[in-house]
Structures are given as structure tokens and as C-alpha cells.
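Below: one structure, written as C-alpha cells.
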Amino acid sequence: MADSRGPRLFADLNNVFKRDPNIDEYDILPVLEPTHNRSPFLLQEHKLGVEAWAVKVLMKYVATRLIGWRSQNPLVKFIDPTEVLNLTRALILFNPDNYTAWNVRKELVESGFLNIADDLQFGALVLSKHPKSAETFIHRRWLFQQLLDHCLSSSLDSNGSVAAVPENNADSSISMDLIDVDIVASPENDGLLSMDQSLECSRLFKLHTQLEMRVCARAAERYQCNYHAWSHRIWIIQHCLNCSLQVLLSEMKETEAWNSTHISDHSGFHYRQFLLTELHKRQEKLSLLSISPGQLVHREMAYVCDLIRSYPGHETLWYHRRFLFCFMLNTHPLDQDTKLSCKSSNGFSVYRDQGEEALKRHKTFLIAQELESVNTKQKLESSSKYNHMLLGKYVHWLQTLLTST
Amino acid sequence: MNNHNHNNHYSNHTKHKSEEKSRRKRRSNSKNGAPPCSFDWTSISQSTYEDDALINKKLPKELLLRIFSYLDVVSLCRCAQVSKYWNMLALDGSNWQNIDLFDFQTDIEGRVVEYMSQRCGGFLKSLSLKGCQSITDTALQNFAQQCRHIETLILSKCTSITDLTCESLGKYSSKLRKLDLTSCPEITDASLKYLSNTSPTSTGQNRGCPLLSYLDISWCNKITNDGVIALAQGCPKLNTFFCRGCSQIGNDGIEMLATCVENLMKLNIQHCQSITDEAIIKLGQKCPGLTLLCASMCNRLTDASLVALGKGCLELRTLEVSGCTLLTDSGFQELTRNCHKLEKMDLEDCIQITDATLGHIASHCHQLNALSLSHCELITDEGIRQIGSSICAAENLRILELDNCPLITDAALEHLQGCRALQRIEIYDCQLITRAGIRRLRNHLQDILVHAYFAPVTPPPSVGGGRQRYCKCCAIL
């Protein structure tokens, strides 16, 4: 016999969301058996608690119905879209890696039954309980792609000049700046309505991208070394913000504080490494703002050294330092100069040899300098055994570098 | 249907026994050469081609047709694949009087309907296309022309149809009795005007649907009072009218309906929130035959409505007024004093009612079999005691919903122990009710379904079974 509580729990859950559409957090309460004849959904200040026993009953009911509907089982009654939406919501809340449910939601977004903004909000809610759910992030990327397409097509409608965008962007990502510029550039009689639409669209898009940063930060906060959250953030920077310089710089600034409170978070530091690499790629533009990439790397080096000193015994920091040092070695201005000279004076091997020789000398000098600084610091610090070991590893690595050059 | 099929084959075998023998000989002769699968096919295809199977010989065409007429769509389609003869018979229009595509498939295209209407022609009396969202006006316009004897047409959730469909229906389907247009958001007043033959644009050709007795236009939000007034004037035989969620329909439409329609029996105005007491009073005056009234979520209704219903609608059997928060005990007193035939009452969310209402129901409504008191927060054990000791409780009461009544305790369940007919009781979120209380009720009423957040009872673990197994082990050892 099917558990009669299933439909009721499902109705209860829907009621809870009807009462408070802005639930921003939920979790399972450790109540294994119903002790009172009371609804297992507790709602307080936008937070939802679900008693554990209810989850099993609810999931069984919801999954059977949704899968039955999906496989067009004639025994399952015709279900209308809102109901289907509620079913997927209930299923995903407690099993966020259910591909079928996410795919049903994608279809509903495509057919217009589900608002992209609503689905983004729901995804954020899911991430509050399951911050490492890969499927949720994938769905969000799909939603953003959808939003982007929407934005682009509506701005295409409003002014045919966006056709130039793909040419400008070699890597086929869409520049928000360009869309904005286009809108501002041609404010004339192309139809105010569609203009408004595209303006509205890009405004919405900006809003959601900002919110997305916050969602990523929250997910990263909830689960340490949250690879999915940080790589999602990278995706957003690359595809939705087109790695614009201001964004990269402000992200550098913002994550600095976060990283100094999460010193063991590999993924967080990897994100900073990504930002540095991207900034370095744009050094010509960067120089317009009178910032040199070398300056940034040096500051980062000082930052990580400071962290290592304040919090001894964290491997992540040492790895970050390794990255930075490598980065400094390979991207030194001298390096660039020699490369340039190589290009300009093709065939004059003497110059090139001299340049390479100078570079090699410079590198050895840098490594020696780094070795010395590490060693002197070692003397100053009364560090733990573990930190000592990490330091030893770093020194060893530097030495192998030295021999290889 | 497989039976017939089987018989068919079987008769083949018996009939061609001699032939088969000879063939078997031949087969054994050429055993190495011919693949064995080629054995039976020749005889079957031959016989089906000739249609000299025994069943076809023994039964005249008329009888076969008659047998087919009892089959559903799926079986008919299977039969149509048996033989050419059966194909002809199965697809004969006379078999296709009732088609319900809902159980079959809902993603059919318009041309399927057109093809079907060509085949069935005048034979088709009942068609259900529930949920076929891709059906368009053109398909249904053709259908209306072909199948003029249609009596029942279910088009609920065919979201793409518009007034054009109803125009054709008004033109050709003069025998239409039942029409379901639930959740067709494009339908407007014009549709109702076509159906009732009062449209200003209608020509002499338009006859409307004067026989229409059942109309469901729930959730067609574009329909207003005008449409309902036209309908009331053109379709006097209407006895069932459902317009759930048509928020633009107000007093004028319903009053006209009450006045013009001779014998209104069932009316559903759920979620029509602009409707007030005036419309219900008119119903009480003009519709003595009303058996079902669903006015849930019409939250402007007051006791005056209940008084009017009590005066005029003595036949009332079902009354749903969930969410009508203004109703009080005195209104229900007037109602129950006169409407003794009430069988089903939904009083969910009537938050003002108290035990007094339950007392009135208990003493007057002896036929009551379903009562919903969900969210009636003032109800106490005393009210349940009155229900439990009434005549209806002992004989008829089957369903009782008490969920979210916070004052109910285990004592209430004890009062219900005498309800022999009780099948289901809902007590979700009655937080004073305990497991023990439910268990006691279950001891008295074995088959009852108690719906609470507690786990439903599992059959008691068979103590004897375990012990026996143990004994067996001992025996083996």
C-alpha cells in the first residue's frame, strides 16, 4: 500500500513555499520518527527545517510520480506544468544531482512556464544545503547561457549593429561592455519598446551576474575547497563578464580578505591564480591604468609571505607561493624584452644568445634571492615541525629549479 | 482481443490439416535446404488474405461489428492489424462512437483528429482530447463539419484552441450535450455566444447547441458576465455549469443563469471572487432543483447565502464553501434546518464555525457521508462528540477531515468509535492526538484509514513465524 502521507507531505511542502517564496536556507532536522502529529516542515525567518523521517516518504512519492509522468506511464494521471514544477522542486531539494528533474526544469524554462530568475533563486536555495552539487552549477551555467542568448537576441532586435560583436570577440564570449556600448550608441528611432526590452534585459543580466558572485561566495563559504563553486565563478568571469579588467581587479581585491580567512582553501587560491593569469594576459590595457602586472605579482607575493608567517603549517599557502614564484620567473619583464628582441631581430643569433644568457643569469639570481629570503626567515621563526617540513620541501623545489636552469 | 487472434490461427491449423501434413513431409524432405522459419507463414498469409478463417465464416459481419463495438481504442487498433477483413471491420465508423485519447496518447497532431473524423463521420458521439495541447482550431473545425452527431466533447487543456472552434461547433454540432473547455485560456465570451446562437455575427447557418446540458469552462479567464448571460438565454437545457477560476464572472451572469435556465442542478463557481450573496439568493429563489453547489473561495459570501439556500434549494446534496471565511454558525443553522439531503459538505477554512454548527449538522443531516472541517480551528472534542453520536455517523459517514484542527484530542477519536461506516479520517497536524489514541480508534474500526503524520500501521510482526523457524532449526540440528 502506498504511504498516504506522501501526497500530504508534498502538499505541505508546496504550502510552505506558497507562504514564504523567499526561503533562503533549508536543512534536515534529525527527527527520525514523528513524535507529534505535527507537520514536519518548520518555517522560521525564511529558513526551512524538514524532519528527517518525512524526507524518505516524500521522496518516494515524488520520485514515483515524476518518473511515471516522464516515462508516460498511462497509470500516472495527466500532470499540469505547475505540478510538475513542484515535483521537480521537491525532488531536487533532497537530491540535487537528479539529472531528470533538472532536465524537466530546463524544458519548462524553454517552454516559458518557468522564469529564469525564479530558477536561479531556487538553485541558490539548493546550494545553501548542497554547496558542492555539480549538477546545480551546471544547470545555472545553462540558465546563464540562456539569459545571454536572450540578451543578445533582444539587443539584436533593437539595433542591428551588434552583428559586429562576434568579430570583436575572438573567443566567442559576449562582452557586456559591448552590449552596453551598443545600446548607448544608437538610441534613435529603432523602436523604443524593444530598446527598453534590451536595456531591461542587460540590466537583469548584470543584476544576476552580481548575485551569482554572491552565491558562489556563499557556496565556497559552506564547503571548504569547493572546486565546483570556484570553477563556476571562473566560468561566470569568462563568459558573462568577458574577463573585463575592472571585474578582475575588483575580484582580486574582494577575494583577498576571503582568502586570508580561508588559508587552507586550495580552490580559493586557485581562483586568485586564475585572476593573475588573466590580468597578465591583458597587461597592455593594464598599463593604461598605470598598473604593471609585475607590481601585482609582487604584492601577491608579499601577501602570501605575510600569510605564511602569520599562519604557519598550511600547505596551500606554500603551493600558492610556488605558483607565484614560477609566475614571476616566467613573466619577468626581461623575459618579455628578450622575446621581443628575438622577434624583431630575426637571424641575429648573437643578440638572442646574449639575451638568453642574461635571462638565465637573472633567473638564477632570482632563485638564489628567494632561497636566501626563505632561509633567513626560517631562522627568525620558531615554527612547528610540520611547517618546517613544508619549508624544507619548498627549499628543495627551489634547488631543483636552480639546477634545471 | 488476443483470444480472437489466437482462435483465428488455431482455426487455420485445423482447417489446413491435410495441407499441413503434406507440407510437413515436404519440409522433412528438404530439411537441410530451407530455413525452418519459413514453415508457417505461407499458410497464415494465405488464409488471412482469403479471410476464410473459421471465426469469419461462423459469425456474420454484423455480429463481428457488434463485438468490436465493445472494444476500446487500443484493442480496436490491434484488431485492425489482424487481417484486411478485420482492418475494414475494426475501422468501421460505427465502432468509433466513443474515443478517449487521454489514455492513449496526448501528443497527437491535428491531422490525426482530422483523419479520425473522416473515418468516424456521423457515428462519433463522444470524443475526449484531454490534454492534447497541439490540437488546433483547423483540426477541430474539420471535425465539427464531419462529425455532426457529436454529443460529448472533452477539450480540456487543449490550450491552443480559440473561439473559432466554438464557432464551428455552434454551426454544425446541434446535438452537442456535453462540452468541456477546462483550461483553454484563449476562449472568450464569443465562444459562449456561438454556442448559444446569440452571436451578432452568426448567420442563418448557425444553429447553436440548444441541447447543451453540461458545460465546463473552468479557468477560461477571459470569459465575463456577457458570455454567461448569452449562454443562459441560448441554452435553456443547461443543468451543469462549471466556471471555476473565471474571476470575471460576477453576480449578473449567475443571476441570469438562475433565471433563464429551467433546471440548473450543478453549479461550480469556485474562485469567482466577485460573486456575492445576491447571486446565491437568486439561486435560492429560482433553482429548487440545485443538487450541487461549489462556492469555495468565494470569500464574500455571508450567512445570507446560506439562509437563501436553506429556503429554496431543498434538494441540495453537495455544498462546498471552503475558504468562505465570513460564514458563521447561524447561517449553517438555517441551512441544515431545511436541507436534510446534504451528503457532502466541505467547510474547510470556515474559521468562524464552532461546535454549534456540528450540532446542527448532527441533528438534521442524516444522509451526510463526507465532511471536511480542515482548518476550522474552533472545533473541539464536544463538536466531534455530537457528530459521533448522530444518526449520520452510525450509518453513512464515510469520510471525515479534521486536519489542522488544533483543539482536537484523543477524546474526539473515542467519540467516533461508533461510526461503523467510517473509511477515512484525516487528522494531519492535530498536535494533541497521540499514537495511542489512533491505536484505540483502530481497535474499534479495523479497516479505517487514519491519515496522520505518524507512520501507518504495519501488520503486526508474526511472533509465531520466528519461533517456528527456530524450531525448524532445532529439528535440523
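FYI, nothing fancy with the C-alpha cells labels: chains A, B, ... in order, residues from 1 per chain, ligands from 1 as they appear.
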
Next item on the list: Find the residues in chain B near chain A: any atom within 7 Å counts, using only C-alpha atoms. Write them as an MDAnalysis selection string.
Entry: chainID B and resid 103 428:431 433:434 451:454

Next item on the list: Determine which residues of stretch 75-270 of chain B DSSP labels as alpha helix (DSSP H) from the backbone of this structure, then write them out as a ChimeraX atom specification.
Entry: /B:75-79,84-90,110-120,137-146,163-172,189-195,225-234,251-260

Long-range neighbours of B:Glu334 as a CSV table (one decimal) with all heavy atoms, in the first residue's frame, 9 Å cut-off, only C-alpha atoms, 6 positions minimum in chain:
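Wrote selection08.csv, looks like this:
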```
chain,number,residue,atom,x,y,z
B,303,ASP,N,-23.7,34.7,5.7
B,303,ASP,CA,-24.8,33.9,6.1
B,303,ASP,C,-26.0,34.0,5.3
B,303,ASP,O,-26.8,33.1,5.2
B,303,ASP,CB,-25.1,34.2,7.6
B,303,ASP,CG,-24.0,33.6,8.5
B,303,ASP,OD1,-23.3,32.7,8.0
B,303,ASP,OD2,-23.9,34.0,9.7
B,306,LEU,N,-26.4,31.3,2.9
B,306,LEU,CA,-26.8,30.0,3.5
B,306,LEU,C,-28.3,30.0,3.8
B,306,LEU,O,-29.0,29.0,3.5
B,306,LEU,CB,-26.0,29.7,4.7
B,306,LEU,CG,-24.5,29.5,4.5
B,306,LEU,CD1,-23.8,29.2,5.8
B,306,LEU,CD2,-24.2,28.4,3.6
B,307,VAL,N,-28.8,31.1,4.3
B,307,VAL,CA,-30.2,31.3,4.6
B,307,VAL,C,-31.1,31.0,3.3
B,307,VAL,O,-32.0,30.3,3.3
B,307,VAL,CB,-30.5,32.6,5.2
B,307,VAL,CG1,-32.0,32.8,5.4
B,307,VAL,CG2,-29.8,32.7,6.6
B,308,ALA,N,-30.6,31.7,2.2
B,308,ALA,CA,-31.3,31.6,0.9
B,308,ALA,C,-31.3,30.2,0.4
B,308,ALA,O,-32.4,29.7,0.0
B,308,ALA,CB,-30.7,32.5,-0.1
B,309,LEU,N,-30.2,29.5,0.5
B,309,LEU,CA,-30.1,28.2,0.1
B,309,LEU,C,-31.0,27.3,0.9
B,309,LEU,O,-31.7,26.4,0.4
B,309,LEU,CB,-28.7,27.6,0.2
B,309,LEU,CG,-27.7,28.2,-0.8
B,309,LEU,CD1,-26.2,27.7,-0.5
B,309,LEU,CD2,-28.0,27.8,-2.3
B,310,GLY,N,-31.1,27.6,2.2
B,310,GLY,CA,-31.9,26.8,3.1
B,310,GLY,C,-33.4,26.9,2.7
B,310,GLY,O,-34.2,26.0,2.8
B,311,LYS,N,-33.7,28.1,2.3
B,311,LYS,CA,-35.1,28.4,1.9
B,311,LYS,C,-35.5,27.7,0.6
B,311,LYS,O,-36.6,27.1,0.5
B,311,LYS,CB,-35.4,29.9,1.8
B,311,LYS,CG,-35.8,30.5,3.1
B,311,LYS,CD,-36.2,31.9,2.9
B,311,LYS,CE,-36.3,32.7,4.2
B,311,LYS,NZ,-35.8,34.0,4.1
```

Next item on the list: Any chance you could list, as a list in words, the residues in stretch 9-120 of chain A that come up strand (DSSP E) when DSSP is run on the backbone?
Entry: Glu25, Tyr26, Asp27, Ile28, Leu29, Phe41, Leu42, Leu43, Gln44, Lys47, Leu48, Gly49, Val50 and Glu51 of chain A

Item checked: Coordinates-based distance that separates atom CA of B:Leu211 from atom CA of B:Lys237 (Å, one decimal) -> 6.0 Å

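Between atom CA of A:Leu152 and atom CA of A:Gln197 the separation is 11.2 Å.
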
Note to self: With only C-alpha atoms as the counted atoms, please give the residues lying no more than 10 Å from A:His130, apart from itself and same-chain residues fewer than 6 positions off, as a count of residues only.
What the structure shows: 13

Next item on the list: Tell me which protein, DNA and RNA residues are within 10 Å of stretch 232-234 of chain A, counting only C-alpha atoms, leaving out same-chain ones fewer than 2 positions away, and put them as a VMD selection string.
Entry: chain A and resid 134 137 to 138 140 to 141 209 212 to 217 227 to 230 236 to 241 243 271 to 272 274 to 275

For those residues, write C-alpha atoms to a file as a short mmCIF file (atom, residue, chain, number, x, y, z; two decimals), in the first residue's frame.
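Final file, selection-v8.cif:
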```cif
data_model
loop_
_atom_site.label_atom_id
_atom_site.label_comp_id
_atom_site.auth_asym_id
_atom_site.auth_seq_id
_atom_site.Cartn_x
_atom_site.Cartn_y
_atom_site.Cartn_z
CA ALA A 134 27.88 19.85 -9.54
CA PHE A 137 26.11 24.56 -11.03
CA ILE A 138 25.80 23.03 -14.46
CA ARG A 140 22.99 27.50 -13.53
CA ARG A 141 25.54 27.77 -16.33
CA THR A 209 25.77 38.15 -12.52
CA GLU A 212 25.85 34.91 -8.87
CA MET A 213 29.13 36.12 -7.37
CA ARG A 214 27.45 36.22 -4.01
CA VAL A 215 26.00 32.74 -4.50
CA CYS A 216 29.45 31.39 -5.37
CA ALA A 217 30.96 33.06 -2.35
CA TYR A 227 36.05 23.26 -6.56
CA HIS A 228 32.65 23.49 -8.25
CA ALA A 229 31.82 26.87 -6.78
CA TRP A 230 35.16 28.42 -7.70
CA ILE A 236 30.99 33.47 -14.97
CA ILE A 237 34.00 35.79 -15.18
CA GLN A 238 34.98 34.34 -18.53
CA HIS A 239 31.61 34.02 -20.21
CA CYS A 240 29.35 36.57 -18.62
CA LEU A 241 31.79 39.33 -17.73
CA CYS A 243 37.17 38.93 -18.13
CA TYR A 271 40.89 31.37 -8.30
CA ARG A 272 43.39 34.11 -7.48
CA PHE A 274 43.38 32.45 -12.48
CA LEU A 275 42.79 36.14 -11.92
#
```

Notebook entry, point to check: Nearest to A:Lys129 among A:Phe365, A:Gly49, A:Phe41, A:Asn242, with distances taken over only C-alpha atoms: which residue is it?
Noted result: A:Gly49

Notebook entry, point to check: If you count only C-alpha atoms, which residues fall within 9 Å of stretch 315-319 of chain B, apart from same-chain ones fewer than 6 positions away, as a PyMOL selection string?
Noted result: chain B and resi 265+288-295+309+339-347+367-368

For the selection just defined, write its residues with N, CA and C atoms to a file, as a compact mmCIF listing (two decimals), in the first residue's frame.
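As a result, out.txt now contains:
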```
# COMPACT_ATOMS: atom_id res chain seq x y z
N MET B 265 -28.89 22.11 -12.02
CA MET B 265 -28.68 21.14 -10.95
C MET B 265 -27.30 21.27 -10.31
N PRO B 288 -34.88 25.42 -7.53
CA PRO B 288 -35.20 24.47 -6.46
C PRO B 288 -34.53 23.12 -6.66
N GLY B 289 -34.10 22.85 -7.90
CA GLY B 289 -33.54 21.53 -8.17
C GLY B 289 -32.03 21.44 -7.94
N LEU B 290 -31.42 22.51 -7.47
CA LEU B 290 -29.97 22.52 -7.31
C LEU B 290 -29.51 21.41 -6.36
N THR B 291 -28.62 20.56 -6.87
CA THR B 291 -28.11 19.49 -6.01
C THR B 291 -26.66 19.72 -5.60
N LEU B 292 -25.93 20.42 -6.44
CA LEU B 292 -24.52 20.64 -6.12
C LEU B 292 -24.18 22.11 -6.24
N LEU B 293 -23.60 22.63 -5.22
CA LEU B 293 -23.11 24.00 -5.31
C LEU B 293 -21.71 24.04 -4.73
N CYS B 294 -20.78 24.46 -5.56
CA CYS B 294 -19.43 24.63 -5.06
C CYS B 294 -19.07 26.10 -5.15
N ALA B 295 -18.98 26.74 -4.02
CA ALA B 295 -18.65 28.17 -3.98
C ALA B 295 -17.39 28.39 -3.17
N LEU B 309 -30.19 29.54 0.51
CA LEU B 309 -30.10 28.15 0.06
C LEU B 309 -31.02 27.27 0.90
N CYS B 339 -32.22 21.77 4.60
CA CYS B 339 -31.61 20.88 3.61
C CYS B 339 -31.22 19.58 4.29
N HIS B 340 -32.15 18.66 4.34
CA HIS B 340 -31.86 17.41 5.05
C HIS B 340 -31.13 16.41 4.19
N LYS B 341 -31.06 16.70 2.89
CA LYS B 341 -30.49 15.70 1.99
C LYS B 341 -28.98 15.87 1.81
N LEU B 342 -28.40 16.79 2.49
CA LEU B 342 -26.97 17.04 2.32
C LEU B 342 -26.15 15.77 2.54
N GLU B 343 -25.30 15.48 1.56
CA GLU B 343 -24.46 14.29 1.66
C GLU B 343 -22.99 14.63 1.85
N LYS B 344 -22.60 15.75 1.23
CA LYS B 344 -21.19 16.09 1.27
C LYS B 344 -21.07 17.57 1.61
N MET B 345 -20.28 17.88 2.60
CA MET B 345 -20.07 19.28 2.96
C MET B 345 -18.58 19.53 3.12
N ASP B 346 -18.12 20.56 2.44
CA ASP B 346 -16.72 20.95 2.57
C ASP B 346 -16.67 22.32 3.24
N LEU B 347 -16.31 22.34 4.49
CA LEU B 347 -16.29 23.60 5.24
C LEU B 347 -14.85 24.00 5.58
N GLN B 367 -28.09 12.13 6.04
CA GLN B 367 -27.51 11.46 4.88
C GLN B 367 -26.01 11.72 4.73
N LEU B 368 -25.49 12.58 5.55
CA LEU B 368 -24.12 13.05 5.36
C LEU B 368 -23.12 11.90 5.31
```

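Among A:Thr82, A:Thr88, A:Thr331, A:Gln44, the residue with the shortest atom-to-atom distance to A:Ala63, counting only C-alpha atoms, is A:Thr88.
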